[in-house]
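Student: Quick one, target_19.txt (compact mmCIF, C-alpha atoms):
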```txt
# COMPACT_ATOMS: atom_id res chain seq x y z
CA MET A 1200 0.00 0.00 0.00
CA THR A 1201 1.38 3.25 -1.07
CA THR A 1202 1.08 6.13 1.24
CA THR A 1203 1.08 9.64 0.00
CA SER A 1204 3.07 11.95 2.12
CA PRO A 1205 1.71 15.37 2.69
CA PRO A 1206 3.17 18.07 0.50
CA PRO A 1207 6.16 19.80 1.91
CA HIS A 1208 5.66 22.95 3.90
CA ASP A 1209 7.01 25.08 1.05
CA SER A 1210 4.49 23.63 -1.38
CA LEU A 1211 1.70 24.33 1.04
CA ASP A 1212 2.89 27.90 1.15
CA GLY A 1213 2.95 27.92 -2.59
CA VAL A 1214 -0.60 26.63 -2.83
CA GLY A 1215 -1.86 28.94 -0.17
CA GLY A 1216 0.11 31.78 -1.69
CA SER A 1217 -1.33 31.37 -5.15
CA GLY A 1218 -4.27 33.54 -4.23
CA ASP A 1219 -1.95 35.95 -2.47
CA ALA A 1220 0.23 36.10 -5.54
CA ALA A 1221 -2.80 36.92 -7.63
CA GLU A 1222 -3.74 39.68 -5.23
CA ALA A 1223 -0.18 41.00 -4.94
CA PRO A 1224 -0.18 43.16 -8.08
CA ARG A 1225 -3.39 44.87 -6.98
CA ARG A 1226 -2.23 45.24 -3.40
CA ASN A 1227 1.27 46.40 -4.24
CA GLY A 1228 0.41 48.48 -7.32
CA PRO A 1229 0.13 51.84 -5.52
CA LEU A 1230 3.27 51.03 -3.52
CA ARG A 1231 5.16 50.33 -6.72
CA TRP A 1232 3.93 53.63 -8.17
CA PHE A 1233 5.05 55.52 -5.06
CA GLY A 1234 8.37 53.71 -5.12
CA ALA A 1235 8.92 54.60 -8.76
CA LEU A 1236 7.99 58.21 -8.06
CA ARG A 1237 10.38 58.35 -5.12
CA ASP A 1238 13.18 56.87 -7.23
CA ALA A 1239 12.52 59.44 -9.95
CA VAL A 1240 12.56 62.31 -7.45
CA ASP A 1241 15.81 61.08 -5.92
CA ARG A 1242 17.68 60.96 -9.23
CA PRO A 1243 20.63 63.36 -9.51
CA LEU A 1244 19.20 65.38 -12.41
CA THR A 1245 15.63 65.64 -11.16
CA SER A 1246 15.96 69.22 -9.88
CA TYR A 1247 17.66 70.30 -13.10
CA TYR A 1248 14.92 68.90 -15.33
CA LEU A 1249 12.13 70.16 -13.08
CA LEU A 1250 13.52 73.70 -13.12
CA LEU A 1251 14.13 73.63 -16.86
CA GLY A 1252 10.77 72.08 -17.74
CA ALA A 1253 8.61 74.17 -15.39
CA SER A 1254 10.32 77.41 -16.45
CA ALA A 1255 9.92 76.60 -20.15
CA LEU A 1256 6.23 75.72 -19.72
CA LEU A 1257 5.50 78.88 -17.74
CA LEU A 1258 7.27 81.02 -20.33
CA THR A 1259 5.32 79.36 -23.15
CA ILE A 1260 2.00 79.79 -21.34
CA GLY A 1261 2.94 83.40 -20.65
CA LEU A 1262 3.58 84.17 -24.31
CA ILE A 1263 0.29 82.57 -25.34
CA MET A 1264 -1.64 84.50 -22.70
CA VAL A 1265 0.07 87.82 -23.48
CA LEU A 1266 -0.89 87.35 -27.12
CA SER A 1267 -4.49 86.58 -26.20
CA ALA A 1268 -4.96 89.13 -23.41
CA SER A 1269 -3.31 92.02 -25.26
CA SER A 1270 -4.76 91.53 -28.73
CA VAL A 1271 -7.73 93.89 -28.32
CA TYR A 1272 -5.71 96.54 -26.47
CA SER A 1273 -2.95 96.32 -29.11
CA PHE A 1274 -5.45 96.71 -31.93
CA GLU A 1275 -6.88 99.85 -30.33
CA GLN A 1276 -3.61 101.47 -29.27
CA HIS A 1277 -1.25 100.50 -32.11
CA ASP A 1278 -3.09 101.34 -35.34
CA GLY A 1279 -4.80 98.02 -35.80
CA ASP A 1280 -1.77 95.84 -35.00
CA SER A 1281 -3.09 93.11 -32.68
CA TYR A 1282 0.40 91.66 -32.26
CA ALA A 1283 2.28 94.82 -31.20
CA ILE A 1284 2.54 93.92 -27.51
CA VAL A 1285 3.34 90.25 -27.95
CA LYS A 1286 6.08 91.19 -30.44
CA ARG A 1287 7.63 93.36 -27.73
CA GLN A 1288 7.36 90.47 -25.31
CA LEU A 1289 9.09 88.20 -27.81
CA MET A 1290 11.85 90.78 -28.06
CA TRP A 1291 12.34 90.64 -24.27
CA VAL A 1292 12.32 86.84 -24.42
CA ALA A 1293 14.98 86.96 -27.14
CA LEU A 1294 17.06 89.14 -24.82
CA GLY A 1295 16.32 87.23 -21.62
CA LEU A 1296 17.00 83.67 -22.79
CA PRO A 1297 20.66 84.28 -23.76
CA CYS A 1298 21.14 86.14 -20.47
CA ALA A 1299 19.66 83.16 -18.61
CA TRP A 1300 21.94 80.75 -20.49
CA ILE A 1301 25.00 82.85 -19.65
CA ALA A 1302 23.90 83.03 -16.00
CA SER A 1303 23.56 79.23 -15.89
CA ARG A 1304 27.15 78.84 -17.14
CA LEU A 1305 28.91 81.49 -15.07
CA PRO A 1306 31.23 80.15 -12.36
CA TYR A 1307 30.24 80.93 -8.80
CA ARG A 1308 33.20 83.24 -8.31
CA ALA A 1309 32.17 85.40 -11.29
CA ILE A 1310 28.56 85.56 -10.07
CA ARG A 1311 29.66 86.70 -6.63
CA GLN A 1312 32.10 89.25 -8.02
CA ILE A 1313 29.32 91.16 -9.79
CA SER A 1314 27.09 91.29 -6.69
CA TRP A 1315 28.39 94.64 -5.46
CA LEU A 1316 28.16 96.14 -8.93
CA ALA A 1317 24.59 94.87 -9.25
CA ILE A 1318 23.45 96.41 -5.96
CA LEU A 1319 25.17 99.75 -6.69
CA VAL A 1320 23.61 99.96 -10.17
CA SER A 1321 20.20 99.20 -8.64
CA VAL A 1322 20.58 101.94 -6.02
CA VAL A 1323 21.62 104.45 -8.70
CA LEU A 1324 18.71 103.52 -10.97
CA LEU A 1325 16.23 103.72 -8.09
CA GLY A 1326 17.65 107.12 -7.11
CA LEU A 1327 17.27 108.37 -10.68
CA THR A 1328 13.72 107.03 -10.74
CA ALA A 1329 12.86 108.86 -7.53
CA LYS A 1330 14.18 112.09 -9.07
CA PHE A 1331 13.38 111.81 -12.80
CA GLY A 1332 10.96 108.89 -12.96
CA VAL A 1333 7.89 108.61 -15.13
CA VAL A 1334 4.50 108.38 -13.41
CA VAL A 1335 2.36 105.45 -14.61
CA ASN A 1336 -0.99 104.69 -12.93
CA GLY A 1337 -0.10 106.95 -10.01
CA ASN A 1338 3.26 105.26 -9.30
CA LYS A 1339 6.57 106.96 -10.08
CA ASN A 1340 8.44 103.72 -10.61
CA TRP A 1341 9.42 103.88 -14.28
CA LEU A 1342 12.60 105.35 -15.77
CA ALA A 1343 12.89 106.41 -19.41
CA VAL A 1344 16.00 104.95 -21.05
CA GLY A 1345 16.09 106.00 -24.68
CA PRO A 1346 13.00 104.65 -26.47
CA PHE A 1347 12.21 102.27 -23.61
CA GLN A 1348 10.85 102.60 -20.10
CA ILE A 1349 12.26 100.26 -17.48
CA GLN A 1350 11.19 99.52 -13.91
CA PRO A 1351 14.38 99.53 -11.80
CA SER A 1352 12.61 97.99 -8.80
CA GLU A 1353 12.24 94.74 -10.75
CA ILE A 1354 15.97 94.67 -11.43
CA ALA A 1355 16.60 95.48 -7.76
CA LYS A 1356 14.87 92.24 -6.67
CA LEU A 1357 17.52 90.13 -8.38
CA ALA A 1358 20.34 92.42 -7.26
CA ILE A 1359 19.19 92.26 -3.62
CA VAL A 1360 19.08 88.46 -3.57
CA LEU A 1361 22.47 88.19 -5.29
CA TRP A 1362 24.20 90.71 -3.03
CA ALA A 1363 22.65 89.48 0.23
CA ALA A 1364 23.52 85.86 -0.61
CA HIS A 1365 27.13 86.90 -1.28
CA VAL A 1366 27.42 88.87 1.99
CA TYR A 1367 25.88 86.11 4.11
CA ALA A 1368 28.08 83.48 2.45
CA GLN A 1369 31.14 85.51 3.41
CA LYS A 1370 29.88 85.70 6.99
CA GLU A 1371 28.86 82.04 7.21
CA ARG A 1372 30.89 81.36 10.34
CA ARG A 1373 29.84 84.59 12.09
CA LEU A 1374 26.08 84.40 11.63
CA GLY A 1375 25.58 83.38 15.25
CA SER A 1376 25.88 87.09 16.10
CA LEU A 1377 22.76 89.22 15.61
CA HIS A 1378 24.93 92.16 14.58
CA GLN A 1379 26.50 90.12 11.75
CA VAL A 1380 23.05 89.01 10.62
CA MET A 1381 21.71 92.55 10.52
CA VAL A 1382 24.65 94.58 9.15
CA PRO A 1383 24.98 95.52 6.32
CA VAL A 1384 22.13 93.56 4.70
CA VAL A 1385 19.17 94.93 6.65
CA PRO A 1386 20.12 98.65 6.37
CA MET A 1387 20.80 98.27 2.63
CA LEU A 1388 17.51 96.49 1.95
CA LEU A 1389 15.56 98.99 4.02
CA GLY A 1390 17.21 101.85 2.13
CA ILE A 1391 16.31 100.29 -1.23
CA THR A 1392 12.77 99.66 -0.03
CA LEU A 1393 12.51 103.31 1.01
CA LEU A 1394 13.52 104.39 -2.50
CA VAL A 1395 10.78 102.15 -3.89
CA ILE A 1396 8.24 103.60 -1.47
CA VAL A 1397 9.20 107.13 -2.58
CA GLY A 1398 7.88 106.09 -5.99
CA LYS A 1399 4.63 104.95 -4.29
CA ASP A 1400 5.16 101.33 -5.39
CA LEU A 1401 3.76 99.63 -2.30
CA GLY A 1402 3.42 96.22 -3.95
CA THR A 1403 7.11 95.94 -4.84
CA ALA A 1404 8.04 97.20 -1.36
CA LEU A 1405 6.08 94.31 0.17
CA VAL A 1406 7.88 91.81 -2.07
CA LEU A 1407 11.23 93.27 -0.99
CA PHE A 1408 10.19 92.89 2.65
CA ALA A 1409 9.28 89.25 1.95
CA ILE A 1410 12.72 88.63 0.43
CA LEU A 1411 14.37 90.22 3.47
CA LEU A 1412 12.38 88.12 5.93
CA ALA A 1413 13.09 84.93 3.97
CA LEU A 1414 16.83 85.63 3.99
CA LEU A 1415 16.81 86.41 7.71
CA TRP A 1416 14.97 83.14 8.37
CA VAL A 1417 17.46 81.14 6.31
CA VAL A 1418 20.49 82.57 8.11
CA GLY A 1419 18.93 81.80 11.50
CA ALA A 1420 17.76 85.17 12.82
CA PRO A 1421 15.98 84.94 16.21
CA ALA A 1422 12.18 84.53 16.23
CA ARG A 1423 11.59 87.77 18.15
CA LEU A 1424 13.06 89.68 15.21
CA PHE A 1425 10.35 88.31 12.90
CA THR A 1426 7.59 89.27 15.33
CA LEU A 1427 8.93 92.82 15.48
CA ALA A 1428 9.49 93.01 11.72
CA LEU A 1429 6.01 91.73 10.82
CA SER A 1430 4.42 94.20 13.25
CA VAL A 1431 6.37 97.12 11.82
CA ILE A 1432 5.71 96.05 8.22
CA GLY A 1433 1.99 95.64 8.88
CA VAL A 1434 1.64 99.06 10.50
CA ALA A 1435 3.78 100.72 7.81
CA ALA A 1436 1.84 99.08 4.97
CA VAL A 1437 -1.52 100.16 6.37
CA TRP A 1438 -0.25 103.69 6.97
CA LEU A 1439 1.20 103.97 3.46
CA ALA A 1440 -2.03 102.65 1.98
CA THR A 1441 -4.05 105.29 3.80
CA THR A 1442 -1.87 108.12 2.42
CA SER A 1443 -3.46 107.60 -1.01
CA THR A 1444 -7.20 107.87 -1.61
CA GLU A 1445 -7.06 105.22 -4.33
CA ARG A 1446 -5.11 102.78 -2.12
CA ARG A 1447 -7.38 103.43 0.83
CA GLU A 1448 -10.43 102.57 -1.29
CA ARG A 1449 -8.74 99.40 -2.54
CA LEU A 1450 -7.83 98.42 1.02
CA THR A 1451 -11.35 98.88 2.33
CA ASN A 1452 -13.15 97.30 -0.64
CA PHE A 1453 -11.00 94.35 -1.70
CA VAL A 1454 -12.98 91.82 0.40
CA ASP A 1455 -16.22 92.83 -1.35
CA PRO A 1456 -15.31 94.53 -4.64
CA PHE A 1457 -18.99 94.60 -5.69
CA LYS A 1458 -19.71 97.08 -2.91
CA ASP A 1459 -18.00 99.78 -4.98
CA TYR A 1460 -18.42 98.10 -8.32
CA HIS A 1461 -18.23 101.22 -10.52
CA ASP A 1462 -15.15 102.69 -8.83
CA ALA A 1463 -12.46 100.98 -6.72
CA GLY A 1464 -14.08 97.55 -7.11
CA TRP A 1465 -14.25 97.63 -10.90
CA GLN A 1466 -10.96 95.83 -11.61
CA PRO A 1467 -11.18 93.07 -8.97
CA ALA A 1468 -14.87 92.53 -9.73
CA HIS A 1469 -14.20 91.96 -13.41
CA GLY A 1470 -11.29 89.74 -12.48
CA LEU A 1471 -13.73 87.56 -10.55
CA PHE A 1472 -16.16 87.67 -13.49
CA ALA A 1473 -13.39 86.33 -15.75
CA LEU A 1474 -12.44 83.52 -13.38
CA SER A 1475 -16.04 82.46 -12.80
CA SER A 1476 -16.79 82.50 -16.53
CA GLY A 1477 -13.96 80.07 -17.21
CA GLY A 1478 -15.41 77.23 -15.18
CA VAL A 1479 -13.36 74.05 -15.03
CA PHE A 1480 -11.93 73.86 -18.55
CA GLY A 1481 -12.24 77.46 -19.72
CA GLU A 1482 -13.79 79.18 -22.71
CA GLY A 1483 -10.81 78.44 -24.94
CA ILE A 1484 -7.70 80.41 -25.86
CA GLY A 1485 -8.69 83.77 -27.34
CA ALA A 1486 -12.30 83.53 -26.16
CA SER A 1487 -12.07 85.88 -23.17
CA THR A 1488 -14.75 88.59 -23.09
CA GLN A 1489 -13.33 90.58 -20.16
CA LYS A 1490 -10.27 91.62 -22.17
CA TRP A 1491 -12.53 93.64 -24.50
CA GLY A 1492 -12.14 96.76 -22.38
CA ASP A 1493 -13.87 95.70 -19.14
CA LEU A 1494 -10.79 94.37 -17.30
CA PRO A 1495 -7.99 96.96 -16.82
CA GLU A 1496 -4.40 95.71 -17.12
CA ALA A 1497 -5.60 92.45 -18.65
CA HIS A 1498 -2.16 91.60 -20.10
CA THR A 1499 -0.12 92.74 -17.10
CA ASP A 1500 -1.26 92.61 -13.46
CA PHE A 1501 -4.56 90.79 -14.14
CA ILE A 1502 -3.42 88.31 -16.77
CA PHE A 1503 -4.18 85.49 -14.32
CA ALA A 1504 -7.88 86.41 -14.60
CA VAL A 1505 -7.79 86.10 -18.40
CA LEU A 1506 -5.90 82.83 -18.04
CA GLY A 1507 -8.65 81.54 -15.75
CA GLU A 1508 -11.35 82.62 -18.17
CA GLU A 1509 -9.74 80.99 -21.19
CA LEU A 1510 -8.09 77.92 -19.62
CA GLY A 1511 -10.40 77.45 -16.64
CA LEU A 1512 -9.63 76.02 -13.24
CA VAL A 1513 -7.37 73.41 -14.86
CA GLY A 1514 -5.18 76.11 -16.39
CA THR A 1515 -4.89 78.16 -13.21
CA LEU A 1516 -4.00 75.09 -11.13
CA LEU A 1517 -1.43 74.08 -13.74
CA VAL A 1518 0.29 77.47 -13.49
CA ILE A 1519 0.32 77.36 -9.69
CA ALA A 1520 1.63 73.76 -9.78
CA LEU A 1521 4.47 74.83 -12.09
CA PHE A 1522 5.49 77.60 -9.69
CA LEU A 1523 5.42 75.13 -6.81
CA THR A 1524 7.52 72.74 -8.89
CA ILE A 1525 10.16 75.45 -9.29
CA ALA A 1526 10.02 76.09 -5.55
CA TYR A 1527 10.39 72.38 -4.73
CA ALA A 1528 13.35 71.90 -7.08
CA ALA A 1529 15.11 75.06 -5.88
CA ILE A 1530 14.66 74.15 -2.22
CA LYS A 1531 15.95 70.65 -2.99
CA VAL A 1532 19.08 72.22 -4.48
CA ALA A 1533 19.43 74.57 -1.50
CA THR A 1534 19.14 71.82 1.09
CA GLN A 1535 21.55 69.46 -0.65
CA THR A 1536 24.35 71.90 -1.47
CA ASP A 1537 27.44 72.48 0.64
CA ASP A 1538 27.95 75.98 -0.77
CA PRO A 1539 26.34 78.64 1.47
CA PHE A 1540 26.09 81.10 -1.44
CA VAL A 1541 24.03 78.64 -3.48
CA ARG A 1542 21.84 77.93 -0.45
CA TYR A 1543 21.07 81.58 0.31
CA MET A 1544 20.68 82.51 -3.36
CA SER A 1545 18.25 79.66 -4.02
CA PHE A 1546 16.08 80.44 -1.00
CA GLY A 1547 16.06 84.13 -1.88
CA ILE A 1548 14.92 83.48 -5.46
CA VAL A 1549 12.17 81.16 -4.22
CA ALA A 1550 10.95 83.78 -1.74
CA TRP A 1551 10.90 86.40 -4.49
CA LEU A 1552 9.11 84.40 -7.22
CA ILE A 1553 6.68 82.47 -5.03
CA GLY A 1554 5.92 85.52 -2.87
CA GLN A 1555 5.17 87.57 -5.95
CA MET A 1556 3.02 84.80 -7.41
CA ILE A 1557 1.00 84.55 -4.19
CA VAL A 1558 0.44 88.31 -4.06
CA ASN A 1559 -0.63 88.47 -7.72
CA VAL A 1560 -2.98 85.49 -7.51
CA GLY A 1561 -4.33 86.74 -4.18
CA MET A 1562 -5.27 90.14 -5.56
CA VAL A 1563 -6.93 88.58 -8.65
CA LEU A 1564 -8.96 86.34 -6.32
CA ALA A 1565 -9.87 89.40 -4.20
CA LEU A 1566 -8.07 87.87 -1.22
CA LEU A 1567 -5.59 90.76 -1.17
CA PRO A 1568 -5.84 94.43 -2.19
CA VAL A 1569 -4.92 95.36 -5.75
CA ILE A 1570 -1.32 96.60 -5.45
CA GLY A 1571 0.00 96.23 -8.98
CA ILE A 1572 2.29 93.17 -8.93
CA PRO A 1573 2.97 91.23 -12.18
CA LEU A 1574 2.81 87.43 -12.35
CA PRO A 1575 6.38 86.21 -13.02
CA LEU A 1576 6.95 84.76 -16.51
CA ILE A 1577 3.27 85.22 -17.38
CA SER A 1578 2.57 88.97 -17.28
CA TYR A 1579 3.76 91.30 -20.01
CA GLY A 1580 6.84 93.40 -19.29
CA GLY A 1581 10.55 93.13 -19.97
CA SER A 1582 11.61 94.75 -16.70
CA SER A 1583 10.10 91.79 -14.85
CA LEU A 1584 10.75 89.06 -17.42
CA VAL A 1585 14.49 89.48 -18.00
CA PRO A 1586 15.56 89.48 -14.30
CA THR A 1587 13.25 86.53 -13.68
CA LEU A 1588 14.81 84.54 -16.53
CA VAL A 1589 18.30 85.37 -15.24
CA ALA A 1590 17.30 84.20 -11.74
CA LEU A 1591 15.95 80.93 -13.14
CA GLY A 1592 19.11 80.54 -15.21
CA LEU A 1593 21.14 80.80 -12.01
CA LEU A 1594 18.96 78.15 -10.34
CA ILE A 1595 19.34 75.82 -13.32
CA GLY A 1596 23.09 76.33 -13.21
CA PHE A 1597 23.13 75.52 -9.49
CA ALA A 1598 21.19 72.31 -10.17
CA ARG A 1599 23.55 71.26 -12.98
CA ARG A 1600 26.64 71.75 -10.82
CA GLU A 1601 25.58 69.66 -7.88
CA PRO A 1602 28.23 66.91 -7.61
CA GLU A 1603 25.93 63.98 -8.40
CA ALA A 1604 24.18 65.89 -11.20
CA ALA A 1605 27.52 66.93 -12.72
CA ARG A 1606 28.73 63.30 -12.65
CA ALA A 1607 25.50 62.12 -14.27
CA LEU A 1608 25.84 64.71 -17.04
CA ARG A 1609 29.50 63.77 -17.66
CA GLN A 1610 28.54 60.09 -17.84
CA ARG A 1611 25.78 60.83 -20.35
CA ARG A 1612 28.18 62.84 -22.49
CA ARG A 1613 30.70 59.99 -22.44
CA GLN A 1614 27.99 57.48 -23.38
CA ARG A 1615 26.79 59.72 -26.18
CA SER A 1616 30.34 60.15 -27.49
CA ALA A 1617 30.92 56.41 -27.30
CA GLY A 1618 27.69 55.76 -29.16
CA LEU A 1619 28.61 58.22 -31.91
CA ALA A 1620 32.06 56.70 -32.20
CA ALA A 1621 30.57 53.21 -32.46
CA GLY A 1622 28.13 54.41 -35.11
CA ARG A 1623 30.95 55.95 -37.17
CA SER A 1624 32.96 52.74 -36.83
CA THR A 1625 30.03 50.62 -38.00
CA GLY A 1626 29.46 52.95 -40.94
CA ALA A 1627 33.10 52.72 -41.91
CA ASP A 1628 32.98 48.91 -41.80
CA LEU A 1629 29.93 48.87 -44.03
```
Let's see the structure in the file written out as C-alpha cells.

Tutor:
Amino acid sequence: MTTTSPPPHDSLDGVGGSGDAAEAPRRNGPLRWFGALRDAVDRPLTSYYLLLGASALLLTIGLIMVLSASSVYSFEQHDGDSYAIVKRQLMWVALGLPCAWIASRLPYRAIRQISWLAILVSVVLLGLTAKFGVVVNGNKNWLAVGPFQIQPSEIAKLAIVLWAAHVYAQKERRLGSLHQVMVPVVPMLLGITLLVIVGKDLGTALVLFAILLALLWVVGAPARLFTLALSVIGVAAVWLATTSTERRERLTNFVDPFKDYHDAGWQPAHGLFALSSGGVFGEGIGASTQKWGDLPEAHTDFIFAVLGEELGLVGTLLVIALFLTIAYAAIKVATQTDDPFVRYMSFGIVAWLIGQMIVNVGMVLALLPVIGIPLPLISYGGSSLVPTLVALGLLIGFARREPEAARALRQRRRQRSAGLAAGRSTGADL
C-alpha cells in the first residue's frame, strides 16, 4: 500500500500563496507607483529637469496668454496691430534667454564678483527714478532709457538676492551674532525699499520685505526679530495705503469689490467675473470677453484672470503647480548643497518668485488688495521678465553643478560620445 506523504511545507505555502500572488499586483500596485515616483525624485538630475521644464512651460504659457490678453488693447492702441505687444514680449524673451543661459554657465566666483556692482547699479537707478521717474498709474516707478521705459525695482529684486547671498556666504561662520546678521544687509535692503516707497510702489516694497524676511529666516535670525518686523511692516503698509485715496479705497473694498463696483471695485470685480466664466476647462484660448475693455491691465497685473477665463480652473491650477515645482526643485538644491552662497541665493529666489506669485494670484482672487504686482513669466513686461529669466538661469546652473548631477551629465556625455564613435565605426565597416 502506497502512502502519499503530505506536500512539503514550502508547497503548502505555494498553494496557499497562489491567491496571495494573484492579489499582490493589486495590493502592491500603488506602492510600486510611489516607489517609482520616489526613485525618480531622488535621481541626480531631477531638480535640473524640473527647473528647466517648469520654467519653459510657464514662459510658453505666458507668451500665449500675453498674445491673447493684449490683442484687443494692441489693436486699439497700435493702429490696428493686434500683435504689437506680444512682439515686444518676444523681443524681451529673445534678450532674456541668452542672459539666462549665460547666467547658468557662469562660475560661482564670477557671479559673486558682480554682486556689489549689481546692488550699486540698482541703487543708482532707483535714485534716478525717484528724481526723474515717469509716473504710470499713479506710481513713479518707471525710468525712461532711450526709447524704452524700465522699472528699476524689478531689477533690484535680483540684485538684492544676489548681493545678500554673497554677503551672508562671506559671513557664514559669524552668523551666530545678531549684529553680523543685521549689518549691512538689513540697512541696505531697508534703504532700497525706502527708494521704492518714494515712488509709491507699495506692492514691490512688500515683495522686498518678503525677500528680506526669507533671507533672515534662512540665516537663522531669532524669532523675536520676525515678530517685530512683521508688526512694523503691517503698520507701515496700512499707513502707506491710507496716504493715497485710491489705495485706501482698494484696502477697504477688496474683500467685497462689488460694494463699490463702478469705482475701486471695478478691476477686482471683473477679475472675478473672468475667473467664474472660465469654469473648469475654460472658454478656450482667445475667447475671453473681459479683455474687451472691461478688465484693466488684462495683459499685465490681471493676466491670471484672463488665463482663468480661457483655460479654466485646470489652467490656473497648472500654473500654480508649475510655480510650486520650481520652488520644490530650488529648495531641494538649496538643502543638498554644501555651498552657502548657493543655499542663500536659491532660497532668496524662491521667496521672491513664489511671494510675488502669491500676491498676484491673491489680488486677482480678491483675497488681497490690488497693489500692482505682475505674475512672473506670465505677465507682459521686460523689466520683470528678463531678471526673472536670469534668476531661473542661475537656479538651473546651481542644479547642474551639484556633484551627483555633474557626474551624471558627464557620464551621459561619455555614453553619447561612445555611441557616436561606435556608429561611425560601423558605418566605416559597411

Student: Which residues are close to Ala1368 in chain A, i.e. within 9 Å by all atoms listed in the file, leaving aside same-chain residues fewer than 2 positions away? Reply as an MDAnalysis selection string.

Tutor: chainID A and resid 1363:1366 1370:1372 1538:1543

Student: To one decimal place, how far is CA of Ile1313 in chain A from CA of Leu1256 in chain A in Å?

Tutor: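 CA of Leu1256 in chain A lies 29.5 Å from CA of Ile1313 in chain A.
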
Student: Please identify all polymer residues within 12 Å of Trp1300 in chain A, counting all atoms listed in the file, omitting same-chain residues fewer than 5 positions from it, and present them as a list in words.

Tutor: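 Here the answer would be Leu1251, Ala1293, Leu1294, Gly1295, Leu1305, Val1585, Leu1588, Val1589, Ala1590, Leu1591, Gly1592, Leu1593, Leu1594, Ile1595 and Gly1596 of chain A.
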
Student: If you take only C-alpha atoms and a cut-off of 10 Å, which residues of range 1266-1363 of chain A touch range 1405-1420 of chain A, and what are their nearest atom pairs and distances in Å to one decimal, in chain and number order, as a tab-separated table?

Tutor:
```
residue	atom	partner	partner_atom	distance
A:Ser1352	CA	A:Leu1407	CA	9.2
A:Glu1353	CA	A:Leu1407	CA	9.9
A:Ala1355	CA	A:Leu1407	CA	8.9
A:Lys1356	CA	A:Leu1407	CA	6.8
A:Ile1359	CA	A:Leu1407	CA	8.4
A:Val1360	CA	A:Ile1410	CA	7.5
A:Ala1363	CA	A:Leu1414	CA	7.9
```

Student: Looking at all atoms listed in the file, which of A:Arg1600, A:Phe1331, A:Gln1535, A:Leu1574 is the one that sits closest to Tyr1247 in chain A?

Tutor: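 Checking each of A:Arg1600, A:Phe1331, A:Gln1535, A:Leu1574 against Tyr1247 in chain A, counting all atoms listed in the file, the winner is A:Arg1600.
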
Student: Might you pull out every residue within 9 Å of Ile1318 in chain A, with only C-alpha atoms counted and same-chain residues fewer than 4 positions away left off, and present them as a PyMOL selection string?

Tutor: chain A and resi 1313-1314+1322-1323+1355+1357-1359+1361-1362

Student: Using all atoms listed in the file, which of the listed residues (A:Ile1260, A:Asn1336, A:Ser1273, A:Thr1328) sits closest to Arg1287 in chain A?

Tutor: A:Ser1273

Student: For a test of reading the model, state the distance in Å between CA of Ala1497 in chain A and CA of Tyr1527 in chain A, rounded to one decimal.

Tutor: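 Computing it gives 29.2 Å between the two atoms.
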
Student: Rank nothing, just name the residue among A:Ala1255, A:Leu1506, A:Ile1525, A:Ile1572 nearest to Ala1299 in chain A, using only C-alpha atoms.

Tutor: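 Counting only C-alpha atoms, the residue closest to Ala1299 in chain A is A:Ala1255.
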
Student: Specify the axis-aligned box that encloses all atoms of range 1530-1533 of chain A listed in the file after padding of 8 Å on each side, stating its centre and edge lengths in Å to one decimal as JSON.

Tutor:
```
{"center_x": 17.0, "center_y": 72.6, "center_z": -3.0, "size_x": 20.8, "size_y": 19.9, "size_z": 19.0}
```
